[in-house]
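Heads up, final12.tsv below (TSV, C-alpha atoms):
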```tsv
chain	number	residue	atom	x	y	z
A	734	MET	CA	100.71	126.21	145.47
A	735	GLN	CA	99.37	128.50	142.79
A	736	LYS	CA	96.39	127.31	140.77
A	737	LYS	CA	97.12	127.17	137.02
A	738	ASN	CA	94.88	129.12	134.70
A	739	ILE	CA	93.63	126.71	132.03
A	740	SER	CA	93.35	129.57	129.53
A	741	ALA	CA	97.15	129.79	129.64
A	742	TYR	CA	97.13	126.27	128.18
A	743	PRO	CA	94.61	126.44	125.32
A	744	HIS	CA	95.70	123.07	123.95
A	745	LYS	CA	94.43	121.36	127.10
A	746	SER	CA	90.99	122.92	126.82
A	747	VAL	CA	90.86	122.13	123.09
A	748	THR	CA	91.89	118.54	123.77
A	749	HIS	CA	89.31	118.21	126.54
A	750	ASN	CA	86.60	119.66	124.30
A	751	LEU	CA	87.56	117.39	121.41
A	752	GLN	CA	87.56	114.32	123.65
A	753	ARG	CA	84.14	115.26	125.03
A	754	LYS	CA	82.74	115.57	121.49
A	755	PHE	CA	84.32	112.28	120.50
A	756	ASP	CA	82.88	110.56	123.58
A	757	GLU	CA	79.42	111.94	122.77
A	758	ARG	CA	79.61	110.66	119.20
A	759	MET	CA	80.81	107.25	120.33
A	760	ALA	CA	77.92	107.06	122.80
A	761	ALA	CA	75.48	107.88	120.00
A	762	LEU	CA	76.84	104.94	117.97
A	763	GLY	CA	76.17	102.46	120.80
A	764	PRO	CA	75.06	100.40	122.49
A	765	TYR	CA	78.24	98.37	122.69
A	766	GLU	CA	78.92	94.92	124.03
A	767	GLY	CA	79.75	94.69	127.77
A	768	VAL	CA	83.49	94.92	127.12
A	769	PRO	CA	83.70	96.81	123.84
A	770	LYS	CA	86.34	95.82	121.32
A	771	ILE	CA	87.19	98.69	119.01
A	772	ALA	CA	89.66	98.70	116.12
A	773	VAL	CA	91.27	101.73	114.54
A	774	ALA	CA	92.60	101.77	111.00
A	775	LEU	CA	95.86	103.61	111.61
A	776	SER	CA	97.53	104.94	108.48
A	777	GLY	CA	100.02	107.06	110.38
A	778	GLY	CA	98.57	110.31	109.07
A	779	VAL	CA	97.42	113.09	111.35
A	780	ASP	CA	93.75	112.17	111.08
A	781	SER	CA	94.17	108.53	112.05
A	782	LEU	CA	96.69	109.34	114.80
A	783	ALA	CA	94.26	111.84	116.34
A	784	LEU	CA	91.50	109.24	116.08
A	785	THR	CA	93.73	106.65	117.76
A	786	PHE	CA	94.48	108.94	120.71
A	787	LEU	CA	90.79	109.82	121.14
A	788	ALA	CA	89.77	106.15	120.91
A	789	GLU	CA	92.51	105.22	123.36
A	790	THR	CA	91.04	107.53	126.01
A	791	TRP	CA	87.46	106.46	125.28
A	792	ILE	CA	88.21	102.72	125.43
A	793	LYS	CA	90.05	103.07	128.76
A	794	ALA	CA	86.95	104.71	130.24
A	795	GLN	CA	84.85	101.81	128.90
A	796	GLN	CA	87.31	99.23	130.21
A	797	GLY	CA	87.37	97.81	126.71
A	798	GLN	CA	89.97	96.68	124.24
A	799	LEU	CA	91.62	98.74	121.50
A	800	THR	CA	93.16	97.02	118.48
A	801	LEU	CA	95.21	98.89	115.91
A	802	PHE	CA	95.53	97.85	112.27
A	803	HIS	CA	97.80	99.34	109.63
A	804	VAL	CA	97.55	98.39	105.98
A	805	ASP	CA	100.84	98.27	104.12
A	806	HIS	CA	99.82	98.52	100.47
A	807	GLN	CA	103.41	97.79	99.40
A	808	LEU	CA	103.08	100.31	96.59
A	809	ARG	CA	106.13	102.30	97.70
A	810	SER	CA	109.50	100.79	98.57
A	811	GLU	CA	109.62	102.62	101.94
A	812	SER	CA	106.12	101.63	103.06
A	813	HIS	CA	107.34	98.65	105.11
A	814	LEU	CA	109.85	100.80	107.01
A	815	GLU	CA	107.14	103.37	107.70
A	816	ALA	CA	104.86	100.63	109.02
A	817	LEU	CA	107.60	99.39	111.35
A	818	GLN	CA	108.22	102.92	112.65
A	819	LEU	CA	104.50	103.32	113.33
A	820	LYS	CA	104.53	99.96	115.13
A	821	ARG	CA	107.40	101.19	117.37
A	822	TRP	CA	105.56	104.42	118.17
A	823	MET	CA	102.42	102.54	119.14
A	824	ALA	CA	104.43	100.05	121.23
A	825	LYS	CA	105.72	103.03	123.25
A	826	ARG	CA	102.07	103.84	123.99
A	827	GLY	CA	101.45	100.24	125.07
A	828	HIS	CA	99.70	99.06	121.90
A	829	THR	CA	100.36	96.32	119.41
A	830	LEU	CA	99.99	97.45	115.83
A	831	HIS	CA	98.93	94.68	113.46
A	832	ILE	CA	100.40	95.26	110.01
A	833	LEU	CA	98.21	93.91	107.23
A	834	LYS	CA	99.90	93.52	103.85
A	835	TRP	CA	98.17	93.85	100.53
A	836	GLN	CA	99.29	90.88	98.45
A	837	PHE	CA	98.89	91.38	94.72
A	838	GLN	CA	100.07	89.30	91.78
A	839	GLU	CA	101.13	92.31	89.76
A	840	LYS	CA	101.55	95.86	90.99
A	841	PRO	CA	98.54	97.84	89.73
A	842	THR	CA	99.17	100.59	87.19
A	843	THR	CA	95.60	101.83	86.73
A	844	ARG	CA	92.91	102.82	89.25
A	845	ILE	CA	95.58	102.47	91.94
A	846	GLN	CA	93.77	104.50	94.62
A	847	GLU	CA	90.50	102.66	94.06
A	848	ARG	CA	92.15	99.25	94.14
A	849	ALA	CA	94.18	100.15	97.22
A	850	ARG	CA	91.05	101.39	99.02
A	851	ASP	CA	89.11	98.22	98.13
A	852	ALA	CA	92.01	96.05	99.29
A	853	ARG	CA	92.39	98.09	102.49
A	854	TYR	CA	88.77	97.65	103.51
A	855	ALA	CA	88.79	93.96	102.61
A	856	LEU	CA	91.91	93.42	104.76
A	857	LEU	CA	90.46	95.44	107.65
A	858	ASP	CA	87.13	93.63	107.47
A	859	ASP	CA	88.84	90.24	107.46
A	860	ALA	CA	91.12	91.19	110.38
A	861	CYS	CA	88.18	92.49	112.44
A	862	GLN	CA	86.22	89.29	111.81
A	863	LYS	CA	89.19	87.13	112.85
A	864	GLU	CA	89.60	89.16	116.07
A	865	GLY	CA	85.86	89.24	116.84
A	866	ILE	CA	85.78	93.04	116.56
A	867	LEU	CA	82.44	94.63	115.73
A	868	HIS	CA	83.55	98.27	115.54
A	869	LEU	CA	86.13	99.72	113.15
A	870	LEU	CA	87.03	103.40	113.28
A	871	THR	CA	88.60	105.13	110.31
A	872	GLY	CA	89.88	108.68	110.28
A	873	HIS	CA	89.12	111.00	107.41
A	874	HIS	CA	89.48	114.73	107.07
A	875	GLN	CA	87.48	117.06	104.85
A	876	GLU	CA	89.80	116.67	101.85
A	877	ASP	CA	89.38	112.87	102.06
A	878	ASP	CA	85.61	113.32	102.10
A	879	ALA	CA	85.74	115.63	99.07
A	880	GLU	CA	87.93	113.14	97.20
A	881	THR	CA	85.52	110.30	98.00
A	882	SER	CA	82.55	112.37	96.77
A	883	LEU	CA	84.32	113.19	93.52
A	884	MET	CA	85.28	109.55	92.94
A	885	ARG	CA	81.69	108.45	93.52
A	886	GLN	CA	80.44	111.03	90.99
A	887	ASP	CA	82.87	109.69	88.39
A	888	LYS	CA	81.38	106.18	88.78
A	889	LYS	CA	77.83	107.37	87.99
```

Give the structure from this file in structure tokens form.
Amino acid sequence: MQKKNISAYPHKSVTHNLQRKFDERMAALGPYEGVPKIAVALSGGVDSLALTFLAETWIKAQQGQLTLFHVDHQLRSESHLEALQLKRWMAKRGHTLHILKWQFQEKPTTRIQERARDARYALLDDACQKEGILHLLTGHHQEDDAETSLMRQDKK
């Protein structure tokens, strides 16, 4: 049997390196309870999917429990169908995706992003408290961080 050259499969080395960095950062955030319970806010975007897969590997090594939450803001007519598709994908990976719905009296027409973000974190916080989860992971990429910085400047 011929030994495979890992350089022929750069995605494996990148994935291993990324997982190692993730594991190091998770360790730095500890200590954790004996059997850690971690939640991931899973939007379905690339950033939160990558975070979910990294957390999935980390939690298995810790013999802990991973809980996935998705917030359906109900601002777009197709959002519920997208949430159900995400739930099916996660079920194939052996996970239950809890869909949290933002209930509003009247659909917002101003400050939509701000209101949706506030509702999202309130729903996630409430769900984590109900499940006894102390650790919530959220995935953001650099553009998200830039947007957050700009929004904070506007409030000053």

Skip Leu787 of chain A itself and residues of its chain fewer than 6 positions away, then list as a ChimeraX atom specification all residues within 9 Å of it, counting all atoms listed in the file.
/A:751-752,755-756

Shell around Val804 of chain A at 8 Å using all atoms listed in the file, local window under 6 positions removed, as a ChimeraX atom specification
/A:774-776,832-835,853,856-857

Restricting the output to C-alpha atoms, write the selected residues as a compact mmCIF listing (two decimals), in the coordinates of the input.
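Contents of again-v5.txt, freshly written:
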```
# COMPACT_ATOMS: atom_id res chain seq x y z
CA ALA A 774 92.60 101.77 111.00
CA LEU A 775 95.86 103.61 111.61
CA SER A 776 97.53 104.94 108.48
CA ILE A 832 100.40 95.26 110.01
CA LEU A 833 98.21 93.91 107.23
CA LYS A 834 99.90 93.52 103.85
CA TRP A 835 98.17 93.85 100.53
CA ARG A 853 92.39 98.09 102.49
CA LEU A 856 91.91 93.42 104.76
CA LEU A 857 90.46 95.44 107.65
```

What is the distance between atom CA of Gly797 of chain A and atom CA of Lys770 of chain A, in Å to one decimal?
5.8 Å

Please identify all polymer residues lying at most 12 Å from the point (86.5, 106.2, 109.4) (file coordinates), using all atoms listed in the file, and present the result as a ChimeraX atom specification.
/A:772-776,780-785,788,854,857,868-875,877-878

Set the distance at 9 Å and use only C-alpha atoms: which residues neighbour segment 823-828 of chain A once local chain neighbours fewer than 4 positions away are removed? I'd like the list as a count of residues only.
5

Would you compute an axis-aligned box for segment 839-852 of chain A, covering every atom listed for it in the file with 5 Å of margin on each side, and report centre and edge lengths in Å to one decimal as AutoDock Vina command-line options?
```
--center_x 95.3 --center_y 98.4 --center_z 93.0 --size_x 22.4 --size_y 22.2 --size_z 22.6
```

Neighbouring residues of Gln798 of chain A were defined as those with any atom within 9 Å, considering all atoms listed in the file; residues of the same chain fewer than 5 positions away were excluded. Please report them as a VMD selection string.
chain A and resid 768 to 772 789 792 to 793

Would you kindly return, as JSON, numbers by chain, each protein, DNA or RNA residue with an atom no farther than 10 Å from any atom of segment 806-809 of chain A, considering all atoms listed in the file and excluding same-chain residues fewer than 4 positions away?
{"A": [813, 833, 834, 835, 836, 837, 840, 841, 845, 848, 849, 850, 852, 853]}

Nearest residue to Phe802 of chain A from the set A:Ala860, A:Glu839, A:Glu815, A:Glu847 (distances using all atoms listed in the file)
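Checking each candidate against Phe802 of chain A, we get A:Ala860 as the closest.
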
One decimal, in Å: what's the spacing between atom CA of Asp858 of chain A and atom CA of Val779 of chain A?
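Going from atom CA of Asp858 of chain A over to atom CA of Val779 of chain A covers 22.4 Å.
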
Work out how far apart atom CA of His749 of chain A and atom CA of Leu762 of chain A are and give it in Å to one decimal.
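Separation of atom CA of His749 of chain A and atom CA of Leu762 of chain A: 20.1 Å.
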
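Checking A:Glu864, A:Asp805, A:Asp851, A:Glu766 one by one against Lys820 of chain A, counting all atoms listed in the file, you find the shortest gap at A:Asp805.
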
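The nearest approach to Leu867 of chain A among the residues A:Thr842, A:Arg758, A:Gly763, A:Ser812, with all atoms listed in the file taken into account, belongs to A:Gly763.
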
Since the input is missing atoms, can you rebuild all heavy atoms for segment 753-764 of chain A and write them as a PDB file, in the frame of the given file?
```
ATOM      1  N   ARG A 753      85.543 115.265 124.637  1.00  0.00           N
ATOM      2  CA  ARG A 753      84.140 115.260 125.030  1.00  0.00           C
ATOM      3  C   ARG A 753      83.236 115.039 123.817  1.00  0.00           C
ATOM      4  O   ARG A 753      82.318 114.221 123.849  1.00  0.00           O
ATOM      5  CB  ARG A 753      83.782 116.572 125.745  1.00  0.00           C
ATOM      6  CG  ARG A 753      82.343 116.632 126.242  1.00  0.00           C
ATOM      7  CD  ARG A 753      82.012 117.957 126.917  1.00  0.00           C
ATOM      8  NE  ARG A 753      82.376 119.127 126.135  1.00  0.00           N
ATOM      9  CZ  ARG A 753      81.688 119.580 125.074  1.00  0.00           C
ATOM     10  NH1 ARG A 753      80.603 118.945 124.672  1.00  0.00           N
ATOM     11  NH2 ARG A 753      82.071 120.660 124.425  1.00  0.00           N
ATOM     12  N   LYS A 754      83.534 115.740 122.716  1.00  0.00           N
ATOM     13  CA  LYS A 754      82.740 115.570 121.490  1.00  0.00           C
ATOM     14  C   LYS A 754      82.881 114.159 120.935  1.00  0.00           C
ATOM     15  O   LYS A 754      81.903 113.564 120.486  1.00  0.00           O
ATOM     16  CB  LYS A 754      83.157 116.598 120.440  1.00  0.00           C
ATOM     17  CG  LYS A 754      82.710 118.001 120.751  1.00  0.00           C
ATOM     18  CD  LYS A 754      83.153 118.967 119.677  1.00  0.00           C
ATOM     19  CE  LYS A 754      82.699 120.376 120.022  1.00  0.00           C
ATOM     20  NZ  LYS A 754      83.139 121.342 119.000  1.00  0.00           N
ATOM     21  N   PHE A 755      84.088 113.642 120.971  1.00  0.00           N
ATOM     22  CA  PHE A 755      84.320 112.280 120.500  1.00  0.00           C
ATOM     23  C   PHE A 755      83.526 111.289 121.354  1.00  0.00           C
ATOM     24  O   PHE A 755      82.863 110.392 120.826  1.00  0.00           O
ATOM     25  CB  PHE A 755      85.820 111.947 120.552  1.00  0.00           C
ATOM     26  CG  PHE A 755      86.136 110.550 120.111  1.00  0.00           C
ATOM     27  CD1 PHE A 755      86.262 110.243 118.763  1.00  0.00           C
ATOM     28  CD2 PHE A 755      86.308 109.533 121.038  1.00  0.00           C
ATOM     29  CE1 PHE A 755      86.552 108.955 118.350  1.00  0.00           C
ATOM     30  CE2 PHE A 755      86.605 108.243 120.631  1.00  0.00           C
ATOM     31  CZ  PHE A 755      86.720 107.952 119.286  1.00  0.00           C
ATOM     32  N   ASP A 756      83.602 111.449 122.669  1.00  0.00           N
ATOM     33  CA  ASP A 756      82.880 110.560 123.580  1.00  0.00           C
ATOM     34  C   ASP A 756      81.372 110.601 123.316  1.00  0.00           C
ATOM     35  O   ASP A 756      80.710 109.563 123.326  1.00  0.00           O
ATOM     36  CB  ASP A 756      83.161 110.946 125.033  1.00  0.00           C
ATOM     37  CG  ASP A 756      84.602 110.700 125.450  1.00  0.00           C
ATOM     38  OD1 ASP A 756      85.361 110.063 124.683  1.00  0.00           O
ATOM     39  OD2 ASP A 756      84.979 111.164 126.546  1.00  0.00           O
ATOM     40  N   GLU A 757      80.851 111.800 123.064  1.00  0.00           N
ATOM     41  CA  GLU A 757      79.420 111.940 122.770  1.00  0.00           C
ATOM     42  C   GLU A 757      79.056 111.209 121.479  1.00  0.00           C
ATOM     43  O   GLU A 757      78.027 110.533 121.413  1.00  0.00           O
ATOM     44  CB  GLU A 757      79.049 113.423 122.652  1.00  0.00           C
ATOM     45  CG  GLU A 757      79.052 114.164 123.974  1.00  0.00           C
ATOM     46  CD  GLU A 757      78.893 115.665 123.815  1.00  0.00           C
ATOM     47  OE1 GLU A 757      78.784 116.172 122.657  1.00  0.00           O
ATOM     48  OE2 GLU A 757      78.893 116.355 124.859  1.00  0.00           O
ATOM     49  N   ARG A 758      79.893 111.335 120.470  1.00  0.00           N
ATOM     50  CA  ARG A 758      79.610 110.660 119.200  1.00  0.00           C
ATOM     51  C   ARG A 758      79.726 109.150 119.325  1.00  0.00           C
ATOM     52  O   ARG A 758      78.960 108.402 118.717  1.00  0.00           O
ATOM     53  CB  ARG A 758      80.525 111.204 118.102  1.00  0.00           C
ATOM     54  CG  ARG A 758      80.132 112.621 117.752  1.00  0.00           C
ATOM     55  CD  ARG A 758      80.869 113.171 116.596  1.00  0.00           C
ATOM     56  NE  ARG A 758      80.352 114.514 116.320  1.00  0.00           N
ATOM     57  CZ  ARG A 758      80.979 115.386 115.592  1.00  0.00           C
ATOM     58  NH1 ARG A 758      82.131 115.086 115.034  1.00  0.00           N
ATOM     59  NH2 ARG A 758      80.456 116.573 115.387  1.00  0.00           N
ATOM     60  N   MET A 759      80.688 108.694 120.107  1.00  0.00           N
ATOM     61  CA  MET A 759      80.810 107.250 120.330  1.00  0.00           C
ATOM     62  C   MET A 759      79.585 106.732 121.074  1.00  0.00           C
ATOM     63  O   MET A 759      79.067 105.659 120.742  1.00  0.00           O
ATOM     64  CB  MET A 759      82.092 106.931 121.109  1.00  0.00           C
ATOM     65  CG  MET A 759      83.367 107.095 120.302  1.00  0.00           C
ATOM     66  SD  MET A 759      83.485 105.981 118.881  1.00  0.00           S
ATOM     67  CE  MET A 759      83.751 104.408 119.713  1.00  0.00           C
ATOM     68  N   ALA A 760      79.109 107.473 122.059  1.00  0.00           N
ATOM     69  CA  ALA A 760      77.920 107.060 122.800  1.00  0.00           C
ATOM     70  C   ALA A 760      76.713 106.948 121.869  1.00  0.00           C
ATOM     71  O   ALA A 760      75.913 106.016 121.976  1.00  0.00           O
ATOM     72  CB  ALA A 760      77.635 108.034 123.939  1.00  0.00           C
ATOM     73  N   ALA A 761      76.597 107.875 120.934  1.00  0.00           N
ATOM     74  CA  ALA A 761      75.480 107.880 120.000  1.00  0.00           C
ATOM     75  C   ALA A 761      75.522 106.671 119.061  1.00  0.00           C
ATOM     76  O   ALA A 761      74.487 106.244 118.548  1.00  0.00           O
ATOM     77  CB  ALA A 761      75.472 109.168 119.189  1.00  0.00           C
ATOM     78  N   LEU A 762      76.701 106.113 118.843  1.00  0.00           N
ATOM     79  CA  LEU A 762      76.840 104.940 117.970  1.00  0.00           C
ATOM     80  C   LEU A 762      76.508 103.628 118.671  1.00  0.00           C
ATOM     81  O   LEU A 762      76.364 102.608 118.017  1.00  0.00           O
ATOM     82  CB  LEU A 762      78.267 104.867 117.406  1.00  0.00           C
ATOM     83  CG  LEU A 762      78.658 105.978 116.446  1.00  0.00           C
ATOM     84  CD1 LEU A 762      80.148 105.882 116.116  1.00  0.00           C
ATOM     85  CD2 LEU A 762      77.822 105.932 115.181  1.00  0.00           C
ATOM     86  N   GLY A 763      76.424 103.671 120.022  1.00  0.00           N
ATOM     87  CA  GLY A 763      76.170 102.460 120.800  1.00  0.00           C
ATOM     88  C   GLY A 763      74.744 101.995 120.644  1.00  0.00           C
ATOM     89  O   GLY A 763      73.990 102.529 119.836  1.00  0.00           O
ATOM     90  N   PRO A 764      74.342 100.993 121.370  1.00  0.00           N
ATOM     91  CA  PRO A 764      75.060 100.400 122.490  1.00  0.00           C
ATOM     92  C   PRO A 764      76.171  99.469 122.023  1.00  0.00           C
ATOM     93  O   PRO A 764      76.172  98.990 120.887  1.00  0.00           O
ATOM     94  CB  PRO A 764      73.984  99.628 123.245  1.00  0.00           C
ATOM     95  CG  PRO A 764      72.993  99.247 122.194  1.00  0.00           C
ATOM     96  CD  PRO A 764      73.032 100.370 121.176  1.00  0.00           C
TER      97      PRO A 764
END
```
